[in-house]
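> Can you read through this structure? Questions will come right after.
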Amino acid sequence: MTEPVLQLRALTKSYGGLIVTDNVDLNVLPNEVHALIGPNGAGKSTLIAQIFGEITPDKGAVLWCGEEITRIPVHQRVRKGLARSFQVTSVLPEFTALDNVRLATLASASSNPSAFEVAAANLTATERAQTCLERVGLATRSNARAEALSYGERRHLELAMALALEPRLMLLDEPMAGVGSDESHSLTAVLRDLRQSCAILLVEHDMDVVFALADRVSVLVAGRIVASGSPAEVHEDHEVKRAYFGEEDVW
Ligand SMILES: Nc1ncnc2c1ncn2[C@@H]1O[C@H](COP(=O)(O)OP(=O)(O)OP(=O)(O)O)[C@@H](O)[C@H]1O
């Protein structure tokens, strides 16, 4: 059986009396797109932050390829191959698209390099950055300053920056938020291509995107996973319809 790249075991997090993540079990297999859906306030972003290491869970475990990483810092997770798409605000506006991606590659570089390693890394970083920009369809914009890119192009740039880390799993929290329908189609195509390189845990409200991309879907309601399965199975799940959508089928 294929070993999951990521496993969550009974992950639990509360704020005061509010249980935001309630005994969550979830796994992501290599090269699958696993969508995490749920209504506003269900706890999706809090779960992603616990996986990435920005928030420490109260109980439970995060396993990376079978190894427990529940309490290790973010940068160590990144070195292991976990990436989170950068927010638009983390793009450096006065730097070119290429330099933004080159900088992202440094996050996975050695922390104490020799001069030879620095020179080699520089060359490799440029080549790697160019390849990443090509993968997301931004090759012709590599020398444009990030501030000159459209909002949709910047979202593509964030993906290129995450890809530069050569991740085994990419965490994407609402990558389509705020983009128009043309850009949404183009980002969907990019994500479909990316899964050849890595697994994706995708938080997304747009069900067309979820159905176009996901191999599996897990549904989070009030901090609990209420269903998990193929998109078709989840679509037919009565508890999902009741808890998430009311009785109406809005898909
Ligand atoms: N630091 C915090 N302190 C107190 N409550 C918090 C904190 N962070 C999140 N919450 C609460 O936890 C719940 C889940 O929030 P979260 O942002 O994870 O939900 P979400 O599913 O990502 O929502 P959305 O789809 O709207 O982004 C919400 O009720 C939120 O108000």
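All residue names refer to the structure tokens as shown: chains lettered A, B, ... in order, residues numbered from 1 in each chain, ligands numbered from 1 in order.
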Could you please extract the residues within 12 Å of ligand 1, counting only C-alpha atoms and all ligand atoms, and hand them back as a ChimeraX atom specification?
/A:13-22,36-50,54-56,172-175,177,202-206,219-225,244
> I'd like the neighbourhood of Leu26 (chain A) as a list in words, where a residue qualifies if any of its atoms comes within 9 Å (using only C-alpha atoms), though same-chain residues fewer than 3 positions away should be ignored.
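Skipping anything fewer than 3 positions along the chain leaves Leu6, Gln7, Leu8, Arg9, Ala10, Ser218, Ile225 and Ser228 of chain A.
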> With distances taken over only C-alpha atoms, which of A:Val101, A:Val209, A:Ala146, A:Ala125 is nearest to Leu159 (chain A)?
A:Val101
> From a DSSP pass on the backbone, collect the residues of region 166-219 of chain A flagged as strand (DSSP E) and hand them back as a list in words.
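Of region 166-219 of chain A, only Leu169, Met170, Leu171, Leu172, Asp173, Ala199, Ile200, Leu201, Leu202, Val203, Arg216, Val217, Ser218 and Val219 of chain A fall in strand (DSSP E).
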> If we count only C-alpha atoms, what is near His185 (chain A) at a cut-off of 12 Å, once residues fewer than 3 positions away on the same chain are taken out, given as an MDAnalysis selection string?
chainID A and resid 152 156 175:176 179:182 188:192 206 208:209 212:213
> Report, in Å with one decimal, the straight-line distance from CA of Gly229 (chain A) to CA of Arg216 (chain A).
5.3 Å
> Measuring atom to atom with only C-alpha atoms, identify which of A:Val210, A:Leu29, A:Met161, A:Leu169 is nearest to Cys132 (chain A).
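Comparing A:Val210, A:Leu29, A:Met161, A:Leu169 against Cys132 (chain A), the winner is A:Met161.
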> So that I can check the surroundings of Cys198 (chain A), please list as an NGL selection string every protein, DNA and RNA residue that reaches within 9 Å of it, counting only C-alpha atoms and ignoring chain neighbours fewer than 4 positions away.
:A and (30-33 or 163 or 166-170 or 194)
> Write a file of the just-selected residues containing N, CA and C atoms, as a PDB file, in the first residue's frame.

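Saved as out-v9.pdb:
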```
ATOM      1  N   PRO A  30       0.818  10.459  -2.026  1.00  0.00           N
ATOM      2  CA  PRO A  30       1.707  11.123  -2.986  1.00  0.00           C
ATOM      3  C   PRO A  30       0.964  11.443  -4.288  1.00  0.00           C
ATOM      4  N   ASN A  31       1.181  12.630  -4.797  1.00  0.00           N
ATOM      5  CA  ASN A  31       0.646  13.071  -6.095  1.00  0.00           C
ATOM      6  C   ASN A  31      -0.869  13.079  -6.210  1.00  0.00           C
ATOM      7  N   GLU A  32      -1.572  13.091  -5.076  1.00  0.00           N
ATOM      8  CA  GLU A  32      -3.024  13.267  -5.191  1.00  0.00           C
ATOM      9  C   GLU A  32      -3.394  14.722  -4.890  1.00  0.00           C
ATOM     10  N   VAL A  33      -4.533  15.136  -5.441  1.00  0.00           N
ATOM     11  CA  VAL A  33      -5.108  16.414  -5.034  1.00  0.00           C
ATOM     12  C   VAL A  33      -6.218  16.074  -4.044  1.00  0.00           C
ATOM     13  N   LEU A 163       6.570  26.245  -5.826  1.00  0.00           N
ATOM     14  CA  LEU A 163       7.119  25.153  -6.633  1.00  0.00           C
ATOM     15  C   LEU A 163       8.647  25.135  -6.576  1.00  0.00           C
ATOM     16  N   GLU A 166      10.598  22.791  -4.516  1.00  0.00           N
ATOM     17  CA  GLU A 166      10.546  21.373  -4.913  1.00  0.00           C
ATOM     18  C   GLU A 166       9.812  20.542  -3.859  1.00  0.00           C
ATOM     19  N   PRO A 167       8.571  20.937  -3.548  1.00  0.00           N
ATOM     20  CA  PRO A 167       7.853  20.277  -2.454  1.00  0.00           C
ATOM     21  C   PRO A 167       7.343  18.894  -2.839  1.00  0.00           C
ATOM     22  N   ARG A 168       7.101  18.085  -1.802  1.00  0.00           N
ATOM     23  CA  ARG A 168       6.384  16.823  -2.012  1.00  0.00           C
ATOM     24  C   ARG A 168       4.903  17.019  -1.747  1.00  0.00           C
ATOM     25  N   LEU A 169       4.593  18.068  -0.988  1.00  0.00           N
ATOM     26  CA  LEU A 169       3.194  18.408  -0.716  1.00  0.00           C
ATOM     27  C   LEU A 169       3.059  19.921  -0.673  1.00  0.00           C
ATOM     28  N   MET A 170       2.079  20.434  -1.409  1.00  0.00           N
ATOM     29  CA  MET A 170       1.816  21.862  -1.410  1.00  0.00           C
ATOM     30  C   MET A 170       0.476  22.126  -0.740  1.00  0.00           C
ATOM     31  N   LEU A 194       0.667  20.582 -11.896  1.00  0.00           N
ATOM     32  CA  LEU A 194       1.571  20.491 -10.733  1.00  0.00           C
ATOM     33  C   LEU A 194       1.477  19.154 -10.020  1.00  0.00           C
TER      34      LEU A 194
END
```
> Quick one: pull the distance between CA of Leu187 (chain A) and CA of Asp99 (chain A), Å, one decimal.
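These two atoms are separated by 21.2 Å.
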> Smallest atom-to-atom distance to Val62 (chain A): which of A:Leu149, A:Val5, A:Val234, A:Val240, using only C-alpha atoms?
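Result for the nearest residue to Val62 (chain A): A:Val5.
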> What lies within 8 Å of Thr70 (chain A) using only C-alpha atoms, ignoring chain neighbours under 3 positions off, as number ranges by chain?
A: 51, 53, 56-57, 61-63
> Do you know which residues are at most 12 Å from Leu133 (chain A) counting only C-alpha atoms, after dropping those on the same chain fewer than 3 positions away, and could you put them as an mmCIF file with C-alpha atoms, in the first residue's frame?

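Printed below is part_11.cif as written:
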```
data_model
loop_
_atom_site.group_PDB
_atom_site.id
_atom_site.type_symbol
_atom_site.label_atom_id
_atom_site.label_comp_id
_atom_site.auth_asym_id
_atom_site.auth_seq_id
_atom_site.Cartn_x
_atom_site.Cartn_y
_atom_site.Cartn_z
ATOM 1 C CA THR A 96 11.229 40.915 -10.879
ATOM 2 C CA ALA A 97 9.137 37.758 -11.082
ATOM 3 C CA LEU A 98 12.357 35.799 -11.651
ATOM 4 C CA ASP A 99 14.073 37.264 -8.567
ATOM 5 C CA ASN A 100 11.043 36.563 -6.389
ATOM 6 C CA VAL A 101 11.189 32.894 -7.383
ATOM 7 C CA ARG A 102 14.999 32.830 -6.998
ATOM 8 C CA THR A 126 18.179 30.919 -11.777
ATOM 9 C CA GLU A 127 17.567 27.814 -13.863
ATOM 10 C CA ARG A 128 15.149 26.432 -11.327
ATOM 11 C CA ALA A 129 13.297 29.740 -11.110
ATOM 12 C CA GLN A 130 12.974 29.940 -14.880
ATOM 13 C CA VAL A 136 2.950 28.319 -14.253
ATOM 14 C CA GLY A 137 2.811 30.061 -17.643
ATOM 15 C CA LEU A 138 4.765 33.173 -16.616
ATOM 16 C CA ALA A 139 7.948 32.617 -18.660
ATOM 17 C CA THR A 140 7.362 35.718 -20.788
ATOM 18 C CA ARG A 141 6.896 37.839 -17.636
ATOM 19 C CA SER A 142 10.067 36.738 -15.848
ATOM 20 C CA ASN A 143 11.735 40.165 -16.113
ATOM 21 C CA ALA A 144 8.610 42.140 -15.210
ATOM 22 C CA GLU A 153 -0.467 36.804 -12.580
ATOM 23 C CA ARG A 154 0.705 37.381 -8.994
ATOM 24 C CA ARG A 155 -1.273 34.341 -7.868
ATOM 25 C CA HIS A 156 0.558 32.355 -10.556
ATOM 26 C CA LEU A 157 3.809 33.824 -9.228
ATOM 27 C CA GLU A 158 2.992 32.617 -5.695
ATOM 28 C CA LEU A 159 2.604 29.108 -7.098
ATOM 29 C CA ALA A 160 5.951 29.376 -8.896
ATOM 30 C CA MET A 161 7.553 30.465 -5.590
ATOM 31 C CA ALA A 162 6.078 27.466 -3.777
ATOM 32 C CA LEU A 163 7.119 25.153 -6.633
ATOM 33 C CA ALA A 164 10.708 26.457 -6.389
ATOM 34 C CA VAL A 190 -1.575 24.908 -13.743
#
```
> Mind giving me the straight-line distance from CA of Val78 (chain A) to CA of Phe52 (chain A) in Å, one decimal?
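Distance between the two atoms: 8.4 Å.
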> Could you pull out all residues of region 20-233 of chain A with a DSSP call of helix (DSSP H, G or I) and give them as a VMD selection string?
chain A and resid 44 to 52 74 to 80 88 to 90 97 to 106 115 to 135 139 to 141 146 to 148 151 to 163 181 to 194 207 to 213 231 to 233
